[in-house]
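**Student:** Next comes model.csv, CSV, C-alpha atoms:
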```csv
chain,number,residue,atom,x,y,z
A,1,MET,CA,185.9,237.6,-29.1
A,2,LYS,CA,188.7,240.2,-28.8
A,3,ASN,CA,188.4,240.0,-25.0
A,4,ILE,CA,188.8,236.3,-25.0
A,5,LYS,CA,192.0,236.6,-27.0
A,6,TYR,CA,193.3,239.1,-24.5
A,7,CYS,CA,192.5,236.7,-21.7
A,8,ILE,CA,194.2,233.8,-23.4
A,9,ILE,CA,197.4,235.9,-23.5
A,10,ALA,CA,197.1,237.7,-20.2
A,11,LEU,CA,196.2,234.9,-17.9
A,12,PRO,CA,199.3,232.8,-18.5
A,13,LEU,CA,201.4,236.0,-18.2
A,14,LEU,CA,199.8,236.9,-14.9
A,15,ALA,CA,200.3,233.3,-13.6
A,16,LEU,CA,204.0,233.5,-14.5
A,17,LEU,CA,204.4,236.9,-12.8
A,18,ALA,CA,202.7,235.5,-9.7
A,19,LEU,CA,205.0,232.5,-9.4
A,20,PRO,CA,207.7,234.2,-7.4
A,21,CYS,CA,205.0,235.4,-4.9
A,22,LEU,CA,203.5,231.9,-4.7
A,23,ALA,CA,207.0,230.5,-4.2
A,24,GLN,CA,207.6,232.9,-1.3
A,25,ASP,CA,204.4,231.8,0.3
A,26,VAL,CA,205.3,228.1,0.2
A,27,ALA,CA,209.0,228.5,1.0
A,28,PRO,CA,209.9,226.2,3.7
A,29,ALA,CA,210.3,227.8,7.1
A,30,LYS,CA,213.9,228.1,8.3
A,31,ALA,CA,215.0,225.4,10.7
A,32,ALA,CA,215.3,226.2,14.4
A,33,PRO,CA,218.8,227.3,15.4
A,34,ARG,CA,221.0,225.0,17.5
A,35,LEU,CA,223.6,225.5,20.1
A,36,ALA,CA,227.2,224.4,19.5
A,37,ASN,CA,226.4,221.2,21.4
A,38,GLY,CA,223.6,220.4,19.0
A,39,MET,CA,220.7,221.2,21.4
A,40,VAL,CA,217.9,223.3,19.9
A,41,ASN,CA,218.3,226.9,20.7
A,42,LEU,CA,215.0,228.4,22.0
A,43,GLY,CA,216.6,231.9,22.0
A,44,LEU,CA,218.5,234.3,20.0
A,45,PRO,CA,221.0,232.8,17.5
A,46,PRO,CA,224.5,234.4,17.8
A,47,GLY,CA,225.0,237.3,15.5
A,48,GLU,CA,221.3,237.9,14.9
A,49,LYS,CA,218.6,240.2,16.2
A,50,GLY,CA,215.1,239.8,17.4
A,51,PHE,CA,213.2,238.4,20.3
A,52,TRP,CA,209.9,236.5,21.1
A,53,GLY,CA,207.0,238.9,20.6
A,54,ASN,CA,203.3,238.4,20.0
A,55,SER,CA,201.5,235.4,21.6
A,56,GLY,CA,198.1,233.9,21.9
A,57,SER,CA,196.1,232.6,24.9
A,58,ILE,CA,195.9,229.2,26.6
A,59,TYR,CA,192.2,229.2,26.1
A,60,ASP,CA,189.9,230.2,23.2
A,61,ARG,CA,191.1,230.0,19.6
A,62,GLY,CA,192.4,233.4,18.5
A,63,ARG,CA,195.1,234.0,15.9
A,64,LEU,CA,198.1,232.5,17.7
A,65,SER,CA,196.1,230.3,20.1
A,66,HIS,CA,196.0,226.6,19.5
A,67,GLN,CA,192.9,225.4,17.7
A,68,THR,CA,192.6,222.6,20.2
A,69,ASN,CA,192.3,225.0,23.1
A,70,LEU,CA,189.2,224.9,25.4
A,71,LEU,CA,186.7,227.6,24.8
A,72,GLU,CA,186.2,229.9,27.7
A,73,SER,CA,182.9,228.2,28.3
A,74,GLU,CA,184.6,224.8,28.6
A,75,ILE,CA,187.2,225.7,31.3
A,76,PRO,CA,186.4,223.5,34.3
A,77,PHE,CA,186.2,226.2,36.9
A,78,GLN,CA,185.3,225.6,40.5
A,79,SER,CA,182.1,227.5,41.1
A,80,TRP,CA,183.8,230.3,43.1
A,81,ALA,CA,186.6,230.6,40.4
A,82,LYS,CA,184.0,231.0,37.6
A,83,ALA,CA,182.2,233.7,39.5
A,84,LEU,CA,185.5,235.5,40.2
A,85,TYR,CA,186.6,235.1,36.6
A,86,ASP,CA,183.3,236.6,35.4
A,87,TYR,CA,183.6,239.4,37.9
A,88,ARG,CA,187.0,240.2,36.4
A,89,GLN,CA,185.6,240.2,32.9
A,90,ALA,CA,182.7,242.4,33.9
A,91,ASN,CA,185.0,245.1,35.2
A,92,ASN,CA,187.4,244.9,32.3
A,93,GLN,CA,190.1,243.4,34.4
A,94,ALA,CA,190.6,246.6,36.3
A,95,ASP,CA,192.1,244.7,39.3
A,96,ASP,CA,194.8,243.1,37.3
A,97,PRO,CA,197.9,243.0,39.6
A,98,HIS,CA,200.3,243.0,36.7
A,99,ALA,CA,199.0,246.4,35.7
A,100,ARG,CA,200.1,247.5,39.1
A,101,CYS,CA,203.7,246.3,38.4
A,102,MET,CA,203.3,243.1,40.3
A,103,PRO,CA,205.1,240.1,38.8
A,104,PRO,CA,203.3,238.5,35.9
A,105,GLY,CA,203.3,234.8,36.9
A,106,PRO,CA,204.7,232.0,34.7
A,107,THR,CA,202.5,232.0,31.6
A,108,ARG,CA,201.8,235.7,31.7
A,109,LEU,CA,205.5,236.4,31.5
A,110,ILE,CA,205.4,235.2,27.9
A,111,GLU,CA,202.1,236.8,27.1
A,112,THR,CA,203.0,240.5,27.3
A,113,VAL,CA,203.2,242.9,24.3
A,114,ASN,CA,206.8,243.8,25.4
A,115,GLY,CA,208.2,240.4,24.5
A,116,PHE,CA,210.7,238.2,26.2
A,117,GLU,CA,214.0,236.3,25.6
A,118,ILE,CA,215.0,232.8,26.4
A,119,LEU,CA,218.6,232.2,27.5
A,120,GLN,CA,219.8,228.6,27.7
A,121,MET,CA,222.8,227.9,29.9
A,122,PRO,CA,223.4,224.1,29.6
A,123,GLU,CA,226.7,224.4,31.5
A,124,LEU,CA,224.7,225.8,34.4
A,125,ASP,CA,221.8,223.5,34.1
A,126,ARG,CA,219.3,226.3,33.8
A,127,VAL,CA,217.2,228.2,31.3
A,128,TYR,CA,216.2,231.8,31.9
A,129,PHE,CA,213.0,233.5,30.7
A,130,VAL,CA,213.6,237.2,30.7
A,131,GLY,CA,210.4,239.3,30.4
A,132,GLY,CA,210.3,242.7,28.7
A,133,GLY,CA,207.1,243.6,30.6
A,134,GLY,CA,207.0,246.4,33.1
A,135,PRO,CA,208.2,244.6,36.3
A,136,ARG,CA,211.2,243.4,34.3
A,137,THR,CA,210.7,239.9,35.6
A,138,TRP,CA,212.8,236.9,35.0
A,139,ARG,CA,212.1,233.2,35.6
A,140,VAL,CA,214.7,230.4,36.0
A,141,VAL,CA,214.0,226.9,35.0
A,142,TYR,CA,216.5,224.4,36.6
A,143,THR,CA,217.4,221.4,34.5
A,144,ASP,CA,219.6,219.7,37.0
A,145,GLY,CA,217.0,217.0,37.9
A,146,ARG,CA,215.9,218.5,41.2
A,147,PRO,CA,212.6,217.4,42.6
A,148,LEU,CA,209.7,219.8,43.2
A,149,PRO,CA,209.1,220.8,46.8
A,150,ASP,CA,206.2,219.4,48.9
A,151,ILE,CA,203.8,222.2,48.9
A,152,ASP,CA,202.1,220.8,52.0
A,153,ASN,CA,205.3,221.2,53.9
A,154,PRO,CA,205.0,224.5,55.8
A,155,ASP,CA,208.6,225.2,55.1
A,156,THR,CA,207.8,225.6,51.4
A,157,ILE,CA,207.3,229.3,51.0
A,158,PRO,CA,204.9,230.0,48.1
A,159,VAL,CA,206.6,232.2,45.5
A,160,TYR,CA,205.5,234.3,42.5
A,161,MET,CA,207.2,232.4,39.7
A,162,GLY,CA,207.0,228.9,41.3
A,163,TYR,CA,209.6,226.3,41.9
A,164,THR,CA,210.7,224.7,38.6
A,165,SER,CA,212.2,221.4,37.5
A,166,GLY,CA,212.9,221.2,33.8
A,167,ARG,CA,214.1,218.4,31.5
A,168,TRP,CA,214.7,218.0,27.8
A,169,GLU,CA,212.6,215.5,25.8
A,170,GLY,CA,214.3,215.6,22.5
A,171,ASP,CA,214.0,219.2,21.3
A,172,THR,CA,211.3,220.0,23.8
A,173,LEU,CA,211.9,221.7,27.1
A,174,VAL,CA,209.4,220.2,29.6
A,175,VAL,CA,208.9,222.3,32.8
A,176,GLU,CA,207.2,221.0,35.9
A,177,SER,CA,206.4,223.7,38.5
A,178,ASN,CA,204.5,224.3,41.7
A,179,GLY,CA,204.7,226.3,44.9
A,180,TYR,CA,203.1,229.4,43.5
A,181,ASN,CA,201.7,232.1,45.7
A,182,GLU,CA,198.3,233.6,44.9
A,183,ARG,CA,199.4,237.1,44.2
A,184,THR,CA,199.4,237.0,40.4
A,185,TRP,CA,197.1,236.2,37.6
A,186,PHE,CA,199.2,233.4,36.3
A,187,ALA,CA,198.0,233.8,32.7
A,188,GLN,CA,196.5,236.6,30.6
A,189,GLY,CA,192.8,237.1,31.0
A,190,GLY,CA,192.2,236.8,34.8
A,191,LEU,CA,192.1,233.1,35.3
A,192,PRO,CA,192.2,232.4,39.1
A,193,HIS,CA,194.6,230.0,40.7
A,194,THR,CA,195.4,228.8,44.1
A,195,ARG,CA,198.5,227.5,46.0
A,196,PHE,CA,197.7,224.1,44.6
A,197,LEU,CA,198.6,225.1,41.1
A,198,HIS,CA,200.9,222.7,39.3
A,199,LEU,CA,201.9,223.5,35.7
A,200,THR,CA,203.4,221.1,33.1
A,201,GLU,CA,204.7,223.3,30.3
A,202,ARG,CA,206.3,222.3,27.0
A,203,PHE,CA,208.4,224.7,25.0
A,204,SER,CA,209.5,223.7,21.5
A,205,ARG,CA,210.6,225.6,18.4
A,206,PRO,CA,209.2,223.9,15.3
A,207,ASP,CA,210.9,226.5,13.1
A,208,ARG,CA,213.1,229.5,13.5
A,209,ASP,CA,210.3,232.0,13.8
A,210,THR,CA,207.9,230.0,16.0
A,211,LEU,CA,208.0,229.1,19.7
A,212,ARG,CA,205.3,226.6,20.6
A,213,TYR,CA,203.9,226.7,24.2
A,214,GLU,CA,201.7,224.0,25.6
A,215,VAL,CA,200.6,223.9,29.2
A,216,THR,CA,198.6,221.6,31.5
A,217,VAL,CA,197.0,223.4,34.4
A,218,ASP,CA,196.4,221.2,37.4
A,219,ASP,CA,194.9,223.1,40.3
A,220,PRO,CA,192.2,221.4,42.3
A,221,GLY,CA,191.6,224.6,44.2
A,222,ALA,CA,190.4,226.5,41.2
A,223,TYR,CA,189.5,223.9,38.6
A,224,THR,CA,187.5,220.6,38.9
A,225,ARG,CA,190.1,218.8,36.7
A,226,ALA,CA,193.4,219.3,35.0
A,227,TRP,CA,193.1,221.0,31.6
A,228,SER,CA,195.4,222.0,28.8
A,229,GLY,CA,195.9,224.7,26.2
A,230,GLY,CA,198.6,226.6,24.4
A,231,PHE,CA,199.7,229.1,21.8
A,232,ASP,CA,202.5,230.0,19.5
A,233,VAL,CA,204.8,232.9,19.9
A,234,VAL,CA,206.2,234.8,16.9
A,235,TRP,CA,209.9,235.9,16.5
A,236,THR,CA,209.8,239.6,16.1
A,237,TYR,CA,212.1,242.6,15.6
A,238,ASN,CA,209.5,245.3,16.6
A,239,SER,CA,208.9,246.7,20.0
A,240,TRP,CA,205.3,247.1,21.3
A,241,ASP,CA,205.1,250.6,19.7
A,242,GLY,CA,206.3,249.4,16.3
A,243,THR,CA,209.9,250.5,16.7
A,244,GLU,CA,212.1,248.2,14.6
A,245,ALA,CA,215.0,248.0,17.1
A,246,GLY,CA,215.4,244.2,17.0
A,247,GLU,CA,215.9,244.2,20.7
A,248,ILE,CA,213.7,244.5,23.8
A,249,HIS,CA,213.7,248.1,24.9
A,250,GLU,CA,213.9,249.2,28.5
A,251,TYR,CA,210.5,249.6,30.2
A,252,PHE,CA,209.9,249.8,33.9
A,253,CYS,CA,206.2,250.2,34.9
A,254,GLN,CA,207.2,251.6,38.3
A,255,ASP,CA,208.0,254.7,36.3
A,256,ASN,CA,206.0,255.7,33.2
A,257,ASN,CA,203.3,253.0,33.6
A,258,ARG,CA,201.8,252.5,30.2
A,259,ASP,CA,198.9,250.4,31.5
A,260,VAL,CA,197.3,253.0,33.8
A,261,MET,CA,194.1,253.2,31.8
A,262,HIS,CA,193.7,249.4,32.3
A,263,MET,CA,193.2,250.1,36.1
A,264,LEU,CA,190.1,252.2,35.3
A,265,GLY,CA,188.2,249.1,34.2
A,266,ASN,CA,185.0,249.9,32.5
A,267,GLU,CA,185.7,253.6,32.6
A,268,SER,CA,188.5,253.0,30.2
A,269,ARG,CA,186.2,251.4,27.6
A,270,PRO,CA,185.5,253.5,24.6
A,271,ASP,CA,182.0,255.0,24.6
B,1,MET,CA,185.9,263.3,35.5
B,2,ASN,CA,188.3,263.8,32.6
B,3,ASN,CA,190.9,261.3,31.7
B,4,TYR,CA,193.8,263.3,33.2
B,5,ARG,CA,192.1,263.5,36.6
B,6,LYS,CA,191.1,259.8,36.4
B,7,THR,CA,194.7,258.9,35.6
B,8,LEU,CA,196.0,260.9,38.6
B,9,ALA,CA,193.4,259.3,40.9
B,10,VAL,CA,194.4,255.8,39.7
B,11,LEU,CA,198.1,256.5,40.1
B,12,PHE,CA,197.5,257.8,43.6
B,13,ALA,CA,195.5,254.7,44.5
B,14,ALA,CA,198.3,252.5,43.0
B,15,LEU,CA,200.9,254.3,45.1
B,16,LEU,CA,198.8,253.8,48.3
B,17,GLY,CA,198.4,250.1,47.5
B,18,GLY,CA,202.0,249.6,46.6
B,19,GLU,CA,202.8,247.7,49.8
B,20,SER,CA,199.8,245.5,49.7
B,21,LEU,CA,200.2,241.7,49.2
B,22,ALA,CA,196.7,240.8,48.4
B,23,GLN,CA,195.6,237.3,47.5
B,24,GLU,CA,194.2,236.8,44.0
B,25,GLY,CA,193.1,233.2,44.6
B,26,HIS,CA,190.0,232.2,46.6
B,27,PRO,CA,188.5,235.4,47.8
B,28,LEU,CA,188.4,234.2,51.4
B,29,THR,CA,192.0,233.0,51.6
B,30,GLY,CA,194.3,235.1,53.6
B,31,SER,CA,194.4,237.0,56.9
B,32,TRP,CA,191.9,239.6,57.9
B,33,SER,CA,191.8,242.0,60.8
B,34,GLY,CA,189.0,244.1,62.2
B,35,ASN,CA,186.5,244.3,65.0
B,36,ARG,CA,183.2,242.9,66.3
B,37,MET,CA,181.1,245.1,68.5
B,38,VAL,CA,180.2,243.7,71.9
B,39,ASP,CA,178.1,245.7,74.2
B,40,GLY,CA,179.0,248.8,72.3
B,41,LYS,CA,182.7,248.2,72.5
B,42,ALA,CA,185.0,247.1,69.7
B,43,SER,CA,186.7,243.7,70.3
B,44,ARG,CA,189.8,243.3,68.1
B,45,ILE,CA,189.8,240.3,65.8
B,46,LEU,CA,192.3,238.5,63.6
B,47,LEU,CA,190.7,236.1,61.1
B,48,VAL,CA,192.7,233.6,59.1
B,49,MET,CA,191.2,231.5,56.3
B,50,ASP,CA,192.7,228.9,54.0
B,51,LEU,CA,191.2,226.9,51.1
B,52,GLN,CA,191.8,223.1,51.1
B,53,ARG,CA,191.9,220.8,48.1
B,54,ASP,CA,188.4,219.5,48.8
B,55,GLN,CA,187.1,223.1,48.6
B,56,THR,CA,186.5,223.4,52.4
B,57,ILE,CA,187.7,226.5,54.1
B,58,THR,CA,189.6,226.1,57.4
B,59,GLY,CA,191.0,228.7,59.7
B,60,TYR,CA,190.6,230.4,63.0
B,61,VAL,CA,189.7,233.6,64.8
B,62,LEU,CA,192.1,235.1,67.3
B,63,GLU,CA,190.3,237.4,69.8
B,64,ASN,CA,191.5,238.5,73.3
B,65,GLY,CA,194.3,235.9,73.2
B,66,LYS,CA,191.9,233.1,72.5
B,67,ARG,CA,192.1,231.1,69.3
B,68,SER,CA,188.8,229.5,68.0
B,69,ALA,CA,188.6,227.2,65.0
B,70,LEU,CA,186.3,228.0,62.1
B,71,GLN,CA,183.5,225.6,61.4
B,72,ASN,CA,181.0,225.3,58.5
B,73,VAL,CA,182.5,228.1,56.4
B,74,GLU,CA,180.3,228.8,53.5
B,75,LEU,CA,180.7,231.1,50.5
B,76,ASP,CA,177.9,231.7,48.1
B,77,ALA,CA,179.7,233.0,44.9
B,78,SER,CA,176.4,234.2,43.4
B,79,ASP,CA,176.3,237.1,45.8
B,80,TRP,CA,179.6,236.7,47.7
B,81,SER,CA,177.8,236.1,51.0
B,82,VAL,CA,179.8,234.4,53.7
B,83,SER,CA,178.9,232.5,56.9
B,84,PHE,CA,180.8,230.5,59.5
B,85,THR,CA,180.6,229.5,63.1
B,86,LEU,CA,183.3,229.4,65.7
B,87,ASP,CA,184.1,226.4,67.8
B,88,GLY,CA,182.1,227.0,71.0
B,89,GLY,CA,181.4,230.6,70.2
B,90,TYR,CA,179.3,232.8,67.9
B,91,GLY,CA,178.3,232.6,64.3
B,92,VAL,CA,178.9,235.2,61.6
B,93,GLU,CA,176.9,236.1,58.5
B,94,GLY,CA,178.1,238.7,56.1
B,95,SER,CA,179.3,239.4,52.6
B,96,ILE,CA,182.5,240.3,50.8
B,97,ALA,CA,182.8,244.0,49.7
B,98,GLU,CA,185.3,245.3,47.2
B,99,LEU,CA,185.9,241.8,45.9
B,100,GLY,CA,188.6,242.6,43.4
B,101,SER,CA,190.5,245.3,45.4
B,102,GLN,CA,194.0,244.6,46.5
B,103,THR,CA,193.6,246.9,49.5
B,104,LEU,CA,190.0,247.4,50.3
B,105,ARG,CA,188.4,243.9,50.3
B,106,SER,CA,186.4,243.4,53.5
B,107,ILE,CA,183.8,241.1,55.1
B,108,ASN,CA,181.0,243.0,56.8
B,109,GLY,CA,178.1,241.5,58.6
B,110,THR,CA,176.7,240.4,61.9
B,111,TRP,CA,177.8,238.1,64.7
B,112,THR,CA,175.2,236.3,66.8
B,113,ASN,CA,175.1,233.8,69.6
B,114,GLY,CA,172.2,232.7,71.8
B,115,THR,CA,172.0,235.9,73.7
B,116,GLY,CA,173.7,238.7,71.7
B,117,SER,CA,174.6,240.0,68.4
B,118,GLY,CA,176.4,242.9,66.8
B,119,GLU,CA,178.4,244.2,63.9
B,120,PHE,CA,181.3,242.2,62.5
B,121,SER,CA,183.8,243.8,60.1
B,122,VAL,CA,187.2,242.7,59.0
B,123,ASP,CA,189.6,244.0,56.2
B,124,ILE,CA,192.0,241.9,54.2
B,125,ASN,CA,195.6,242.4,55.4
```
Render the structure in this file as structure tokens.

**Tutor:**
Amino acid sequence: MKNIKYCIIALPLLALLALPCLAQDVAPAKAAPRLANGMVNLGLPPGEKGFWGNSGSIYDRGRLSHQTNLLESEIPFQSWAKALYDYRQANNQADDPHARCMPPGPTRLIETVNGFEILQMPELDRVYFVGGGGPRTWRVVYTDGRPLPDIDNPDTIPVYMGYTSGRWEGDTLVVESNGYNERTWFAQGGLPHTRFLHLTERFSRPDRDTLRYEVTVDDPGAYTRAWSGGFDVVWTYNSWDGTEAGEIHEYFCQDNNRDVMHMLGNESRPD
Amino acid sequence: MNNYRKTLAVLFAALLGGESLAQEGHPLTGSWSGNRMVDGKASRILLVMDLQRDQTITGYVLENGKRSALQNVELDASDWSVSFTLDGGYGVEGSIAELGSQTLRSINGTWTNGTGSGEFSVDIN
């Protein structure tokens, strides 16, 4: 009986004490920042710190990956592409060109633990994606209405980061790209692609701390049909090693490569 | 091998491969160079292969100044075996070695025609 009395008093008190915590949990997210001209700002607001950090994957449904993503087993690989993907998984992605300081490719640029920044330059009709990963790669998205090149024209030289044509649909940056060479793994995980790769990417910022990335992969060389996936990226203040600097630190993998063990493949797996 | 020695070995291999521009797409796509053995002598070969949208592989072999188109290129991804014939020439059966390597991928096998055969070996450029 005495215990019940204590509970009658203690429970409402505990509930009152917990209210501030609950209120924090349900506090509305801060709105996405905007540029002076009213456009959504996908990058760093003036006077603040931070950068885009952790991300998910365009397939499977991990923590930051979209829950509508295809599972690995559902990716419509061409038969050779599936065999090559499986080979890469079996050797723990030891042959990853990005681990050897090669450029990351478009999606991979925003999937590294080193983070990235987005710099909008509306007066120049372009948006820059600046990667903090080892090769210090940047990608430019042109928003001047230019058409994509004809990849069947032999004068179109395939390039690492592709040819881009971006446009704004409301607060969403939509990027069409093609003309990729085959010297990268375009996304994290060892997905093969060919020179026929055409990406349609959508970048939006539903709130201050979230960048939403959605991509449709259309590559008849490596996949039997176009497929889509995406992930969210979190605004962060911490470098990959946990340093709370609020800015991307300098890292060049050509010197002090932090991913050397990756190249050992299965030999780098813990026993 | 301890981790220190492994790391040194990998770094050395990475440095050696620094100039390579390997293809990470279809494993046959790209240019290859090597030899086929004819009557005990090596005949220098340049092989170029390219994937098309319909999954066919096109290309050619350049040998002794003569260019011959590839026909019937087949890749069996279950064991990475490769076969093709040359327009008016010999046929090749082989397999891809060092599939994932940026520097060491090769096709090794045998060429045959009606009267002869020999070793065929090319490395990715």

**Student:** Record the distance separating atom CA of Phe129 of chain A and atom CA of Val141 of chain A, expressed in Å with one decimal.

**Tutor:**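 So the two atoms, atom CA of Phe129 of chain A and atom CA of Val141 of chain A, lie 7.9 Å apart.
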
**Student:** Please, which residues in chain A fall within 8 Å of chain B when counting only C-alpha atoms, and what is the closest atom pair and distance in Å to one decimal for each, ordered by chain then residue number, as JSON lines?

**Tutor:**
```
{"residue": "A:Ser79", "atom": "CA", "partner": "B:Ala77", "partner_atom": "CA", "distance": 7.1}
{"residue": "A:Trp80", "atom": "CA", "partner": "B:Ala77", "partner_atom": "CA", "distance": 5.2}
{"residue": "A:Ala81", "atom": "CA", "partner": "B:His26", "partner_atom": "CA", "distance": 7.2}
{"residue": "A:Ala83", "atom": "CA", "partner": "B:Ala77", "partner_atom": "CA", "distance": 6.0}
{"residue": "A:Leu84", "atom": "CA", "partner": "B:Ala77", "partner_atom": "CA", "distance": 7.9}
{"residue": "A:Arg88", "atom": "CA", "partner": "B:Gly100", "partner_atom": "CA", "distance": 7.6}
{"residue": "A:Asp95", "atom": "CA", "partner": "B:Gly100", "partner_atom": "CA", "distance": 5.8}
{"residue": "A:Arg100", "atom": "CA", "partner": "B:Ala14", "partner_atom": "CA", "distance": 6.6}
{"residue": "A:Glu182", "atom": "CA", "partner": "B:Gly25", "partner_atom": "CA", "distance": 5.2}
{"residue": "A:Arg183", "atom": "CA", "partner": "B:Gln23", "partner_atom": "CA", "distance": 5.0}
{"residue": "A:Thr184", "atom": "CA", "partner": "B:Glu24", "partner_atom": "CA", "distance": 6.3}
{"residue": "A:Trp185", "atom": "CA", "partner": "B:Glu24", "partner_atom": "CA", "distance": 7.1}
{"residue": "A:Pro192", "atom": "CA", "partner": "B:Gly25", "partner_atom": "CA", "distance": 5.6}
{"residue": "A:His193", "atom": "CA", "partner": "B:Gly25", "partner_atom": "CA", "distance": 5.3}
{"residue": "A:Thr194", "atom": "CA", "partner": "B:Gly25", "partner_atom": "CA", "distance": 5.0}
{"residue": "A:Arg195", "atom": "CA", "partner": "B:Gly25", "partner_atom": "CA", "distance": 8.0}
{"residue": "A:Phe196", "atom": "CA", "partner": "B:Arg53", "partner_atom": "CA", "distance": 7.5}
{"residue": "A:Pro220", "atom": "CA", "partner": "B:Arg53", "partner_atom": "CA", "distance": 5.8}
{"residue": "A:Gly221", "atom": "CA", "partner": "B:Arg53", "partner_atom": "CA", "distance": 5.5}
{"residue": "A:Ala222", "atom": "CA", "partner": "B:His26", "partner_atom": "CA", "distance": 7.9}
{"residue": "A:Val260", "atom": "CA", "partner": "B:Thr7", "partner_atom": "CA", "distance": 6.7}
{"residue": "A:Met261", "atom": "CA", "partner": "B:Thr7", "partner_atom": "CA", "distance": 6.9}
{"residue": "A:Met263", "atom": "CA", "partner": "B:Val10", "partner_atom": "CA", "distance": 6.8}
{"residue": "A:Leu264", "atom": "CA", "partner": "B:Val10", "partner_atom": "CA", "distance": 7.1}
```

**Student:** Please identify all polymer residues within 12 Å of Arg67 of chain B, counting all atoms listed in the file, omitting same-chain residues fewer than 2 positions from it, and present them as a VMD selection string.

**Tutor:** chain B and resid 45 to 48 59 to 65 69 to 70 86 to 89

**Student:** Can you pull out the residues contacting Asn72 of chain B? Cut-off 9 Å, using only C-alpha atoms, and skip same-chain residues under 3 positions away; I want them as a list in words.

**Tutor:**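 In the requested form, the answer reads Thr56, Ile57, Thr58, Ser83, Phe84, Thr85 and Leu86 of chain B.
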
**Student:** Skipping near chain neighbours, those fewer than 4 positions away, what residues fall within 7 Å of Ile248 of chain A using all atoms listed in the file, listed as a PyMOL selection string?

**Tutor:** chain A and resi 115+132+239

**Student:** So the first atom is atom CA of Arg167 of chain A and the second is atom CA of Gly145 of chain A; what is the distance between them in Å, to one decimal place?

**Tutor:**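 The value is 7.2 Å.
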
**Student:** Which value, in Å to one decimal, gives the distance between atom CA of Lys49 of chain A and atom CA of Glu117 of chain A?

**Tutor:** 11.2 Å
